[in-house]
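A.B. asks: Here's a structure for you.
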Amino acid sequence: MRRSSEGGGNERSMERLNIGVINQEKALRNRCFNGGAARTTNCVLTSDSCPETLHFQTHSSRKNYADANRVSAVILGGGTGAQLFPLTSTRATPAVPLGGCHRLIDIPMSNCFNSGINKIFVMTQFNSASLNRHIHRTYLGGGINFTDGSVQVLAATQMPEEPAGWFQGTADAIRKFVWVLEDYYNHKDIEHIVILSGDQLYRMNYMELVQKHVDDNADITISCAPIDASRASNYGLVKFDYTGRVLQFFEKPKGADLESMRVDTNFLSYAIADTQKYPYIASMGVYVFKRDALLNLLKSKYSQLHDFGSEILPRAVLEHNVQAYIFTGYWEDVGTIKSFFDANLALTEQPSKFEFYDPKTPFFTAPRNLPPTQLDKCKIKDAFISDGCLLSECSIKHSVIGVCSRVSSRCELMDTMMMGADIYEIEEETAKLLLAGKVPIGIGENTKIRNCIIDMNARIGKNVVIANSKGIQEADHPEEGYYIRSGVVVILKNATIKDGSVI
């Protein structure tokens, strides 16, 4: 009887221990998924999820959101866009075309509008002409009702007390215009600032993030996502306690530092089949700041620091209430040629990991008033075909075809992103160019293209083969109209590829 009693005591102790662990995991889920008040946040795993990319739908029973009228957003236009070069050779990163008819800037802008946030600043710096033009056409002249909101573009400007006008980092971009922002925030009684990036693909209700920020009385809230080991060193990684408070922030760690940032992601087990595949929690580069905390950090405390990820946040977690918000929806950083290419082609898969089709949260873009696409005896499988295209007796598979694209007879496109054109050449103009031995905009007859990005207004002749059959990973041939990045051939904007060329 005694042994039995002792055994029962051990079992009860283990049971209490297990319950304690479960309760701690539940508490962590509640804190990190904005369940601190409602306590009923659920994540439902959808049937189109896969181990490589997380895709969940988050539902919350919360009805009383923080006041969106007292929230402002700042979208950072990025630096030189070196990792997306040559797509950024003549445009800023947020102006790069996406998914056939959108631009990267449309993602954070649309997420803001769909979240009820309509007081938006866009920081631009390099090659900003096309970005400014797109913002004006879409959001300033596109018929969107701002009520008491606005979209303001702030371009890098040389100040009298500073010899260099270029932004030195994400924090420095905001600091250089802090006088504009502070005046606006005081006038509009802004309490919270959402800071966003212009090179990501995702759908998010930012007010869910702001609500958790308010519930936690946080100075800073970092939106985070679970990530696998192969990509972890490309991001800022976080560690946080069971209350959701961030204890450590490490920007792009390598080696032993990377290993030290591993975390137990079992609290995501109800949403991820194999949590061991995602042993890191990465910052999405999406932040919420209290207004006074942001201004204090930029103007006083860290006035000499230029970047949020590498400099300010690692220090701020030690002195401020910095909270983590776990986002489990689809999210892709498309800041490199390879990730950008893969994310675009993934849109064509069925079922798709990311959908532009949602009537409640649409993604806006510039109105173009284009005619429907004309198809003549084409074979098309798993493809996006945008408006205003002329496709004749061609084969298109697993590809994205942008607006106003022209693809001639006997052409074959596979694993290709064709960005399209922003000008039309009518049949008479095309015929004259062909008679003169020149190449019209679009793709000429009997051309075979695979594993390729074709930038805007490119002219590709007849009987061309673009396949990178030798598997070259990196090559620069600007004089011939193309580069190769991560094995992907990139045809330059306005380039001409002559008849019979082989790449």
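Ordered as shown in the structure tokens, chains take letters A, B, and onward, while each chain numbers its residues from 1 and ligands are numbered from 1 in the order shown.
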Need to verify the contact set: region 96-102 of chain A, 6 Å, only C-alpha atoms, exclusion of same-chain residues closer than 6 positions in sequence. Can you return it as a list of chain:residue names?

C.D. replies: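 Final neighbour list, sorted by chain and number: A:Asn344, A:Thr365, A:Ser386, A:Ile401, A:Gly402.
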
A.B. asks: Just the residues within 10 Å of region 376-383 of chain A, please, counting only C-alpha atoms, with nothing from its chain fewer than 2 positions along; format it as a ChimeraX atom specification.

C.D. replies: /A:345-350,374,385-386,390-401,408-417

A.B. asks: How many Å separate CA of Leu87 (chain A) from CA of Asn234 (chain A)?

C.D. replies: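 For CA of Leu87 (chain A) relative to CA of Asn234 (chain A), the distance reads 20.6 Å.
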
A.B. asks: If DSSP is run on the backbone, what residues of region 306-412 of chain A are helix (DSSP H, G or I)? A reply as a PyMOL selection string would be ideal.

C.D. replies: chain A and resi 308-319+337-346

A.B. asks: Grab the residues selected above and save them as a tab-separated table (two decimals), in the first residue's frame with N, CA, C and O atoms.

C.D. replies:
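And here's again16.tsv as it stands now:
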chain	number	residue	atom	x	y	z
A	308	PHE	N	16.99	49.92	-37.12
A	308	PHE	CA	16.19	49.27	-36.08
A	308	PHE	C	16.70	47.87	-35.78
A	308	PHE	O	16.93	47.50	-34.63
A	309	GLY	N	16.86	47.04	-36.82
A	309	GLY	CA	17.18	45.64	-36.61
A	309	GLY	C	18.54	45.37	-36.01
A	309	GLY	O	18.68	44.61	-35.06
A	310	SER	N	19.56	46.00	-36.56
A	310	SER	CA	20.92	45.69	-36.13
A	310	SER	C	21.39	46.51	-34.93
A	310	SER	O	22.34	46.12	-34.25
A	311	GLU	N	20.73	47.65	-34.64
A	311	GLU	CA	21.25	48.52	-33.59
A	311	GLU	C	20.24	48.84	-32.49
A	311	GLU	O	20.53	48.65	-31.30
A	312	ILE	N	19.05	49.32	-32.85
A	312	ILE	CA	18.13	49.84	-31.83
A	312	ILE	C	17.40	48.73	-31.08
A	312	ILE	O	17.37	48.72	-29.84
A	313	LEU	N	16.81	47.77	-31.80
A	313	LEU	CA	16.01	46.75	-31.12
A	313	LEU	C	16.83	45.87	-30.17
A	313	LEU	O	16.35	45.54	-29.08
A	314	PRO	N	18.07	45.45	-30.53
A	314	PRO	CA	18.85	44.66	-29.56
A	314	PRO	C	19.07	45.39	-28.24
A	314	PRO	O	19.17	44.76	-27.18
A	315	ARG	N	19.15	46.72	-28.27
A	315	ARG	CA	19.33	47.50	-27.05
A	315	ARG	C	17.99	47.77	-26.36
A	315	ARG	O	17.89	47.76	-25.14
A	316	ALA	N	16.96	48.02	-27.18
A	316	ALA	CA	15.66	48.39	-26.62
A	316	ALA	C	15.04	47.27	-25.79
A	316	ALA	O	14.34	47.53	-24.80
A	317	VAL	N	15.29	46.01	-26.17
A	317	VAL	CA	14.68	44.91	-25.42
A	317	VAL	C	15.20	44.84	-23.99
A	317	VAL	O	14.55	44.25	-23.11
A	318	LEU	N	16.34	45.44	-23.74
A	318	LEU	CA	16.92	45.42	-22.40
A	318	LEU	C	16.35	46.53	-21.51
A	318	LEU	O	16.45	46.44	-20.29
A	319	GLU	N	15.77	47.55	-22.11
A	319	GLU	CA	15.36	48.73	-21.33
A	319	GLU	C	13.89	49.09	-21.49
A	319	GLU	O	13.39	49.96	-20.77
A	337	ILE	N	16.20	38.09	-55.79
A	337	ILE	CA	15.69	37.60	-57.08
A	337	ILE	C	15.08	36.22	-56.94
A	337	ILE	O	13.97	35.96	-57.46
A	338	LYS	N	15.74	35.32	-56.23
A	338	LYS	CA	15.24	33.95	-56.10
A	338	LYS	C	13.92	33.90	-55.34
A	338	LYS	O	12.96	33.24	-55.78
A	339	SER	N	13.85	34.57	-54.20
A	339	SER	CA	12.61	34.54	-53.41
A	339	SER	C	11.48	35.25	-54.15
A	339	SER	O	10.32	34.81	-54.10
A	340	PHE	N	11.79	36.33	-54.86
A	340	PHE	CA	10.79	37.06	-55.64
A	340	PHE	C	10.25	36.18	-56.77
A	340	PHE	O	9.03	36.09	-56.98
A	341	PHE	N	11.14	35.52	-57.48
A	341	PHE	CA	10.76	34.63	-58.58
A	341	PHE	C	9.90	33.47	-58.09
A	341	PHE	O	8.83	33.18	-58.65
A	342	ASP	N	10.35	32.81	-57.02
A	342	ASP	CA	9.61	31.66	-56.49
A	342	ASP	C	8.23	32.06	-55.98
A	342	ASP	O	7.24	31.35	-56.19
A	343	ALA	N	8.13	33.21	-55.31
A	343	ALA	CA	6.84	33.66	-54.76
A	343	ALA	C	5.85	33.98	-55.88
A	343	ALA	O	4.65	33.69	-55.76
A	344	ASN	N	6.33	34.56	-56.96
A	344	ASN	CA	5.44	34.86	-58.08
A	344	ASN	C	4.93	33.59	-58.75
A	344	ASN	O	3.74	33.46	-59.03
A	345	LEU	N	5.83	32.64	-59.00
A	345	LEU	CA	5.39	31.40	-59.64
A	345	LEU	C	4.47	30.59	-58.74
A	345	LEU	O	3.56	29.89	-59.22
A	346	ALA	N	4.68	30.70	-57.43
A	346	ALA	CA	3.83	29.97	-56.48
A	346	ALA	C	2.38	30.45	-56.54
A	346	ALA	O	1.46	29.71	-56.18

A.B. asks: Enter the distance from CA of Gly437 (chain A) to CA of Ala495 (chain A), in Å, rounded to one decimal.

C.D. replies: 15.9 Å

A.B. asks: CA of Pro371 (chain A) and CA of Val403 (chain A) are how many Å apart?

C.D. replies: 10.2 Å

A.B. asks: Residues near Gln200 (chain A), anyone? I mean within 7 Å using only C-alpha atoms, not counting same-chain ones fewer than 5 positions away, as JSON, numbers by chain.

C.D. replies: {"A": [332, 333, 334]}

A.B. asks: Could you dump the residues just selected with N, CA and C atoms as a short mmCIF file (atom, residue, chain, number, x, y, z; two decimals), in the first residue's frame?

C.D. replies:
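The file below, result20.cif, is the result:
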data_model
loop_
_atom_site.label_atom_id
_atom_site.label_comp_id
_atom_site.auth_asym_id
_atom_site.auth_seq_id
_atom_site.Cartn_x
_atom_site.Cartn_y
_atom_site.Cartn_z
N GLU A 332 6.04 35.96 -47.09
CA GLU A 332 7.28 35.76 -47.82
C GLU A 332 8.00 37.10 -47.97
N ASP A 333 9.26 37.10 -47.58
CA ASP A 333 10.13 38.22 -47.86
C ASP A 333 10.63 38.03 -49.30
N VAL A 334 10.31 38.95 -50.19
CA VAL A 334 10.67 38.79 -51.60
C VAL A 334 11.77 39.79 -51.98
#

A.B. asks: So that I can see what lies close to Gly487 (chain A), please list as a PyMOL selection string the residues with an atom at most 12 Å from it, counting only C-alpha atoms and leaving out residues fewer than 5 positions away in the same chain.

C.D. replies: chain A and resi 337-338+341-342+450-453+466-476+503

A.B. asks: So which residues touch Pro362 (chain A) within 10 Å, counting only C-alpha atoms, skipping near sequence neighbours fewer than 5 positions away, as an NGL selection string?

C.D. replies: :A and (107 or 110-111 or 113-114 or 203 or 355-357)

A.B. asks: With a distance cut-off of 12 Å and only C-alpha atoms, select the neighbouring residues of Leu181 (chain A), excluding the residue or stretch itself and same-chain residues fewer than 4 positions from it, and output the selection as a ChimeraX atom specification.

C.D. replies: /A:72-74,119-123,152-154,173-177,185-190,192-193,291-292,294-295,298

A.B. asks: Keeping C-alpha atoms, export the residues of the selection given above as an mmCIF file, in the first residue's frame.

C.D. replies:
data_model
loop_
_atom_site.group_PDB
_atom_site.id
_atom_site.type_symbol
_atom_site.label_atom_id
_atom_site.label_comp_id
_atom_site.auth_asym_id
_atom_site.auth_seq_id
_atom_site.Cartn_x
_atom_site.Cartn_y
_atom_site.Cartn_z
ATOM 1 C CA SER A 72 -0.318 56.068 -38.501
ATOM 2 C CA ALA A 73 1.810 53.894 -40.780
ATOM 3 C CA VAL A 74 5.285 54.477 -42.203
ATOM 4 C CA LYS A 119 -2.715 58.029 -42.393
ATOM 5 C CA ILE A 120 0.310 56.764 -44.286
ATOM 6 C CA PHE A 121 3.816 58.030 -45.010
ATOM 7 C CA VAL A 122 6.031 56.418 -47.671
ATOM 8 C CA MET A 123 9.789 56.974 -47.364
ATOM 9 C CA GLN A 152 2.360 61.439 -48.129
ATOM 10 C CA VAL A 153 5.596 60.599 -49.935
ATOM 11 C CA LEU A 154 8.784 61.752 -48.187
ATOM 12 C CA ALA A 173 15.007 57.312 -42.615
ATOM 13 C CA ILE A 174 12.367 58.140 -40.023
ATOM 14 C CA ARG A 175 14.701 60.357 -37.985
ATOM 15 C CA LYS A 176 15.435 62.595 -40.986
ATOM 16 C CA PHE A 177 11.730 63.433 -41.180
ATOM 17 C CA TYR A 185 1.205 63.180 -35.028
ATOM 18 C CA ASN A 186 0.462 66.041 -32.641
ATOM 19 C CA HIS A 187 -2.050 67.590 -35.032
ATOM 20 C CA LYS A 188 -3.872 64.285 -35.645
ATOM 21 C CA ASP A 189 -3.491 63.000 -32.065
ATOM 22 C CA ILE A 190 -1.641 59.868 -33.204
ATOM 23 C CA HIS A 192 0.789 54.443 -32.295
ATOM 24 C CA ILE A 193 3.018 54.142 -35.363
ATOM 25 C CA ARG A 291 4.532 57.570 -30.437
ATOM 26 C CA ASP A 292 6.473 58.940 -27.456
ATOM 27 C CA LEU A 294 9.623 56.174 -30.999
ATOM 28 C CA LEU A 295 10.358 59.871 -30.794
ATOM 29 C CA LEU A 298 15.204 58.505 -32.363
#

A.B. asks: Rank nothing, just name the residue among A:Arg133, A:Ala155, A:Asp106, A:Gly198 nearest to Gly77 (chain A), using only C-alpha atoms.

C.D. replies: A:Gly198

A.B. asks: Select, from A:Val407, A:Glu182, A:Pro478, A:Arg485, the residue with the minimum atom-to-atom distance to Lys448 (chain A), counting only C-alpha atoms.

C.D. replies: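 Of all the options, A:Val407 lies closest to Lys448 (chain A).
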
A.B. asks: Check the smallest atom-to-atom distance from each of A:Asp358, A:Tyr202, A:Phe126, A:Met419 to Pro108 (chain A) using only C-alpha atoms, then report the winner.

C.D. replies: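 Of the candidates, the smallest distance to Pro108 (chain A) is held by A:Tyr202.
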
A.B. asks: Tell me which of A:Tyr235, A:Tyr330, A:Phe85, A:Phe167 sits closest to Ser486 (chain A), counting only C-alpha atoms.

C.D. replies: A:Phe85

A.B. asks: Per DSSP on the backbone, filter region 214-270 of chain A down to the residues in strand (DSSP E or B) and report them as a PyMOL selection string.

C.D. replies: chain A and resi 220-227+236-240+245-251
